[in-house]
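S.K.: Below you'll find the structure I mean.
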Amino acid sequence: MSKFKIFVFLGCTLVIHLFFLNNLQAQQKIKKDTLYFKIDNSYLFENKNIPKTFFIEDGNGHTEFCFQEAEILFDLKPIRVLDLKYFIRNSKFFINQGKTALDIKGLVDFMKNYKIILIRESDEKTEYIKVDVSIMIFG
Amino acid sequence: MSMHKFIKYSVCFFIVLLFLSCNNDELVKNQENAKTVKTDLELAKFSNPNIAQNVEADFENVNVIEKDNFKISEFSAKEKVVNTFESDVLQSHLKYQGVTIESDGKSQSYFLEVFTLAKSAVYPETITNLKDFTGGLNVYSFNGENLGSVVVRNGKAANVSGKNELDVLTKAINLFYAPSNITSKIPLCDATYTQTVWLTQDVWRIISNGPKILEVIYVGEKVTKTINILPYPCDGPVDIEAIKLQRIAHYANYDQNGQYLGESSTFNFSTQITNNLTGKAKCINDLLNQKGNSFVEKLLSNFEGTAKFNIVIGSADKVFNKSNEEINGSTTYNGGSNDLQILISTSRVEGISSLETARLILHEYIHADMLRKLFSTDINDIEAANFREVYSRYAGEQYHSAMANQYMSGMKGALKDFHKYVLREDFDKFVNYYGKEPSDELYEAMAWNGLKEVDVVAWNNLTPEKKASIDAMYNNVAKKLTQVRLCDNK
């Protein structure tokens, strides 16, 4: 078989493969509502040493709630952008009983029900970062 | 022993013997009945695809009831993937059951698909106690032939299809019908209507090599139409819509050489631990995987096979926390993919003993296991449920508190065995230097490393003397353990 034929064969195999895998994923996809939050570099910020990870101010130092970048999207038109600090601190997951604490597990379970997009604005462009909710434990 | 006592004990002994012998006879009979029905029932031949592919019979428990000249043997059957209806008239689930009736020297077997009216009691999985049941029985022979329908209303059965084969079943049900004054005044509603059921199957072809899935191919959908005759609900709505069964999936499994491995109605992506470690961490991790004790084996097995959580473990030159301080390692749960990512700091590992490296890696695996248990949705995973209960008791540093509570003992044993049986060179050096084998306190002090935090409840509960003793053991002894070169200069 010539090299060309081998490449064509491999190419076709890959396309078929991807098509069927996408089909599988599409079958399993559940439509979720979208929540937009703006990266303000104060309450919600990116860590310079941990790439593609966005932390929030609240946490206990050993176990942290965070967002991990999954995909960058452009040209979205969000109807409403929420204030993450207000959103979390007024939720049932923010416990303020003398000492503040965050129910990270509860917050992750709650946010998993939504598609989360973080908005990163700079002078040149606005990026919409689709993220996964995560828990990071520092051992 | 007096004669009186001897007689008393002997009588008791024979009564017990008789009782056991009866039980044994019943067991043998039950097994014989099970064997007969198991041989006769051929679910795969059924034209109804849901029964053929999605129903399994429980032959272990065959109940036998005799009344008048009838001997009725029954066993239950269940859907592997439970389908639900969208219907205002019927209960949302189908029931299945097998029955063999012996009467007048003849034996007739039936496989029943049971539709239950919404207002009826749930089908009791026996035809001998249907006084509160109203619904329809789609009746099949044991080799899948549709024999027609029997309608039951408050325990009274009617052979609505008029087929002779259903007479024995109808009579057997009516043997147990005892009309009360109240129900006999309500006219029976024996009219039926025909309902069309569309069953859509998504057909998949799975190609695998051992536990690893190589390819998932969507073959297409298969739609099957079946007709059911159902009891007309006298007090139900006049317009009855056709029932539509939910889609079910069907997986055909093959190995990479095209050899057929069987069918299944469920499909779990096999999961695994992906190892991207380098250098010394890789060496120690490989040894833990190959030679770790039962605690380590069990810990790691939670992420292999058909578990729902993957681990990706890797090295990074340096690992940082949220405040940009350098740390030993981190474990992350990603809610989007269910992946657990472990990062081990190469710079930290280079400066510590081999046993301390093993502790560090185990510490992160334990974090991964805790996150797995915390986010597991498997209701049958009792261990995970117990862990969540323990976890919920702690405030503040919940993870390290729960680790100290649940994993401390296993960690100590794992370190002790790994030191003695794998890091033998270091173990022997210790014995030569101190003149005795390391005490359990050494491994306890090492296991506490990483858990000695202000918010860790178990650490806080220790007395100041105990804390000082653990610290001294760690600083004076554990820190003097050496690096053993076990894998190609690492």
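Identifiers for the structure tokens are assigned positionally: chains receive A, B, ... in sequence, residues are indexed from 1 per chain, and ligands are indexed from 1 in the order shown.
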What lies within 12 Å of range 120-128 of chain A using only C-alpha atoms, ignoring chain neighbours under 2 positions off, as JSON, numbers by chain?
M.R.: {"A": [34, 35, 36, 37, 38, 39, 40, 41, 44, 45, 46, 54, 69, 70, 71, 72, 73, 74, 75, 76, 77, 78, 81, 115, 116, 117, 118, 130, 131]}
S.K.: Please produce a file of the residues just selected, as a tab-separated table (two decimals), in the first residue's frame, where the atoms kept are N, CA and C atoms.
M.R.:
chain	number	residue	atom	x	y	z
A	34	THR	N	-26.40	28.40	32.19
A	34	THR	CA	-25.05	28.96	32.25
A	34	THR	C	-24.97	30.09	33.27
A	35	LEU	N	-23.92	30.08	34.06
A	35	LEU	CA	-23.65	31.18	34.99
A	35	LEU	C	-22.37	31.88	34.54
A	36	TYR	N	-22.42	33.20	34.45
A	36	TYR	CA	-21.24	33.98	34.05
A	36	TYR	C	-20.71	34.73	35.27
A	37	PHE	N	-19.39	34.64	35.48
A	37	PHE	CA	-18.74	35.40	36.55
A	37	PHE	C	-17.53	36.12	35.96
A	38	LYS	N	-17.29	37.32	36.48
A	38	LYS	CA	-16.17	38.10	35.97
A	38	LYS	C	-14.93	37.86	36.84
A	39	ILE	N	-13.78	37.66	36.20
A	39	ILE	CA	-12.53	37.52	36.97
A	39	ILE	C	-12.11	38.94	37.39
A	40	ASP	N	-12.20	39.20	38.69
A	40	ASP	CA	-11.90	40.57	39.16
A	40	ASP	C	-10.49	40.69	39.72
A	41	ASN	N	-9.75	39.59	39.70
A	41	ASN	CA	-8.38	39.53	40.24
A	41	ASN	C	-8.30	39.94	41.70
A	44	LEU	N	-11.90	36.64	42.84
A	44	LEU	CA	-11.66	35.52	41.91
A	44	LEU	C	-10.40	35.85	41.11
A	45	PHE	N	-9.40	35.00	41.25
A	45	PHE	CA	-8.11	35.33	40.63
A	45	PHE	C	-7.41	34.09	40.09
A	46	GLU	N	-6.51	34.31	39.15
A	46	GLU	CA	-5.74	33.22	38.56
A	46	GLU	C	-4.44	33.10	39.33
A	54	PHE	N	-8.26	28.91	38.71
A	54	PHE	CA	-8.77	30.15	39.28
A	54	PHE	C	-9.29	29.88	40.69
A	69	GLU	N	-9.68	25.63	33.92
A	69	GLU	CA	-10.02	25.98	32.54
A	69	GLU	C	-10.25	24.73	31.69
A	70	ALA	N	-11.34	24.73	30.94
A	70	ALA	CA	-11.61	23.60	30.05
A	70	ALA	C	-11.52	24.03	28.59
A	71	GLU	N	-11.97	25.28	28.32
A	71	GLU	CA	-12.08	25.71	26.92
A	71	GLU	C	-12.23	27.23	26.89
A	72	ILE	N	-11.62	27.88	25.88
A	72	ILE	CA	-11.81	29.33	25.76
A	72	ILE	C	-12.78	29.60	24.61
A	73	LEU	N	-13.78	30.41	24.89
A	73	LEU	CA	-14.81	30.72	23.89
A	73	LEU	C	-14.78	32.22	23.59
A	74	PHE	N	-15.26	32.60	22.44
A	74	PHE	CA	-15.28	34.02	22.07
A	74	PHE	C	-16.69	34.41	21.64
A	75	ASP	N	-16.90	35.73	21.62
A	75	ASP	CA	-18.14	36.30	21.07
A	75	ASP	C	-19.41	35.78	21.74
A	76	LEU	N	-19.35	35.54	23.03
A	76	LEU	CA	-20.59	35.18	23.74
A	76	LEU	C	-21.28	36.46	24.17
A	77	LYS	N	-22.56	36.40	24.33
A	77	LYS	CA	-23.31	37.59	24.76
A	77	LYS	C	-24.11	37.26	26.02
A	78	PRO	N	-23.44	37.32	27.17
A	78	PRO	CA	-24.15	36.98	28.40
A	78	PRO	C	-25.24	38.00	28.72
A	81	VAL	N	-24.19	39.04	34.14
A	81	VAL	CA	-22.94	38.58	34.74
A	81	VAL	C	-23.08	38.72	36.25
A	115	LYS	N	-23.36	25.25	33.75
A	115	LYS	CA	-22.20	25.50	32.90
A	115	LYS	C	-21.63	26.82	33.39
A	116	ILE	N	-20.36	26.83	33.76
A	116	ILE	CA	-19.77	28.04	34.35
A	116	ILE	C	-18.82	28.68	33.32
A	117	ILE	N	-19.03	29.96	33.09
A	117	ILE	CA	-18.14	30.71	32.19
A	117	ILE	C	-17.55	31.87	32.98
A	118	LEU	N	-16.21	31.96	32.98
A	118	LEU	CA	-15.53	33.10	33.61
A	118	LEU	C	-15.15	34.09	32.52
A	130	LYS	N	-14.66	28.67	29.65
A	130	LYS	CA	-15.53	27.61	30.19
A	130	LYS	C	-14.69	26.81	31.19
A	131	VAL	N	-15.20	26.65	32.40
A	131	VAL	CA	-14.40	26.01	33.46
A	131	VAL	C	-15.14	24.84	34.09
S.K.: Please provide as a ChimeraX atom specification all residues within 12 Å of range 162-168 of chain B, with the sequence filter that same-chain residues fewer than 4 positions apart are discarded (counting only C-alpha atoms).
M.R.: /B:69-72,99-104,106-112,137-141,145-151,157-158,172-175
S.K.: Could you work out which residues of chain B fall inside 9 Å of chain A? Count only C-alpha atoms, and format the result as a PyMOL selection string.
M.R.: chain B and resi 215-218+319-324+327-337+360+363-364+367+371+374-375+395-400+450-451
S.K.: By how many Å are CA of Asp417 in chain B and CA of Ile313 in chain B apart?
M.R.: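 Between CA of Asp417 in chain B and CA of Ile313 in chain B the gap works out to 23.0 Å.
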S.K.: List every residue of range 281-316 of chain B that DSSP, applied to the backbone, labels as strand (DSSP E), and write the result as an mmCIF file with N, CA and C atoms, in the first residue's frame.
M.R.:
data_model
loop_
_atom_site.group_PDB
_atom_site.id
_atom_site.type_symbol
_atom_site.label_atom_id
_atom_site.label_comp_id
_atom_site.auth_asym_id
_atom_site.auth_seq_id
_atom_site.Cartn_x
_atom_site.Cartn_y
_atom_site.Cartn_z
ATOM 1 N N ILE B 311 -7.330 8.250 38.034
ATOM 2 C CA ILE B 311 -6.262 9.027 38.660
ATOM 3 C C ILE B 311 -5.207 9.311 37.603
ATOM 4 N N VAL B 312 -4.774 10.545 37.542
ATOM 5 C CA VAL B 312 -3.618 10.886 36.728
ATOM 6 C C VAL B 312 -2.570 11.395 37.710
ATOM 7 N N ILE B 313 -1.483 10.635 37.871
ATOM 8 C CA ILE B 313 -0.442 11.041 38.821
ATOM 9 C C ILE B 313 0.794 11.453 38.034
ATOM 10 N N GLY B 314 1.371 12.601 38.406
ATOM 11 C CA GLY B 314 2.527 13.099 37.663
ATOM 12 C C GLY B 314 3.475 13.885 38.539
ATOM 13 N N SER B 315 4.615 14.217 37.961
ATOM 14 C CA SER B 315 5.641 14.994 38.673
ATOM 15 C C SER B 315 5.655 16.425 38.165
ATOM 16 N N ALA B 316 6.030 17.345 39.056
ATOM 17 C CA ALA B 316 6.283 18.728 38.650
ATOM 18 C C ALA B 316 7.547 19.162 39.389
#
S.K.: Report as a short mmCIF file (atom, residue, chain, number, x, y, z; two decimals) with N, CA and C atoms, in the first residue's frame all protein, DNA and RNA residues lying within 8 Å of Asp255 in chain B, evaluated on only C-alpha atoms, omitting residues in the same chain fewer than 2 positions from it.
M.R.:
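The new file part-v8.cif reads:
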data_model
loop_
_atom_site.label_atom_id
_atom_site.label_comp_id
_atom_site.auth_asym_id
_atom_site.auth_seq_id
_atom_site.Cartn_x
_atom_site.Cartn_y
_atom_site.Cartn_z
N ILE B 207 -15.21 -2.23 21.53
CA ILE B 207 -14.02 -3.04 21.25
C ILE B 207 -13.01 -2.76 22.35
N SER B 208 -12.57 -3.83 23.01
CA SER B 208 -11.69 -3.63 24.15
C SER B 208 -10.52 -4.59 24.15
N ASN B 209 -9.51 -4.21 24.89
CA ASN B 209 -8.36 -5.07 25.13
C ASN B 209 -8.24 -5.20 26.64
N GLY B 210 -8.69 -6.31 27.21
CA GLY B 210 -8.75 -6.44 28.66
C GLY B 210 -9.69 -5.40 29.21
N ASN B 253 -20.05 -6.62 22.93
CA ASN B 253 -18.63 -6.48 23.29
C ASN B 253 -17.74 -7.41 22.45
N ASN B 257 -9.33 -8.52 18.41
CA ASN B 257 -9.21 -9.43 17.27
C ASN B 257 -10.57 -9.76 16.65
N GLY B 258 -11.59 -9.07 17.10
CA GLY B 258 -12.91 -9.27 16.54
C GLY B 258 -13.68 -10.40 17.19
N GLN B 259 -13.11 -10.98 18.25
CA GLN B 259 -13.82 -12.09 18.90
C GLN B 259 -14.96 -11.55 19.78
N TYR B 260 -16.12 -12.16 19.61
CA TYR B 260 -17.31 -11.72 20.32
C TYR B 260 -17.22 -12.09 21.80
N LEU B 261 -17.46 -11.12 22.69
CA LEU B 261 -17.29 -11.37 24.12
C LEU B 261 -18.61 -11.42 24.88
#
S.K.: Give the answer as one residue: which of B:Ser301, B:Asn48, B:Thr278, B:Thr346 has the shortest atom-to-atom distance to Asp369 in chain B, using only C-alpha atoms?
M.R.: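 Residue with the minimum atom-to-atom distance to Asp369 in chain B: B:Ser301.
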S.K.: One decimal, in Å: what's the spacing between CA of Asn129 in chain B and CA of Leu41 in chain B?
M.R.: 23.6 Å
S.K.: Phe46 in chain B: which residues within 9 Å, counting only C-alpha atoms, same-chain residues fewer than 2 positions away excluded, as a list of chain:residue names?
M.R.: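 The contact residues come out as B:Glu42, B:Leu43, B:Ala44, B:Asn48, B:Pro49, B:Asn50, B:Ile51, B:Ala52, B:Gln53, B:Tyr140, B:Phe142, B:Asn143, B:Gly144, B:Glu145, B:Asn146.
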S.K.: Quote the spacing between CA of Phe133 in chain B and CA of Leu94 in chain B in Å to one decimal place.
M.R.: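 Separation of CA of Phe133 in chain B and CA of Leu94 in chain B: 13.8 Å.
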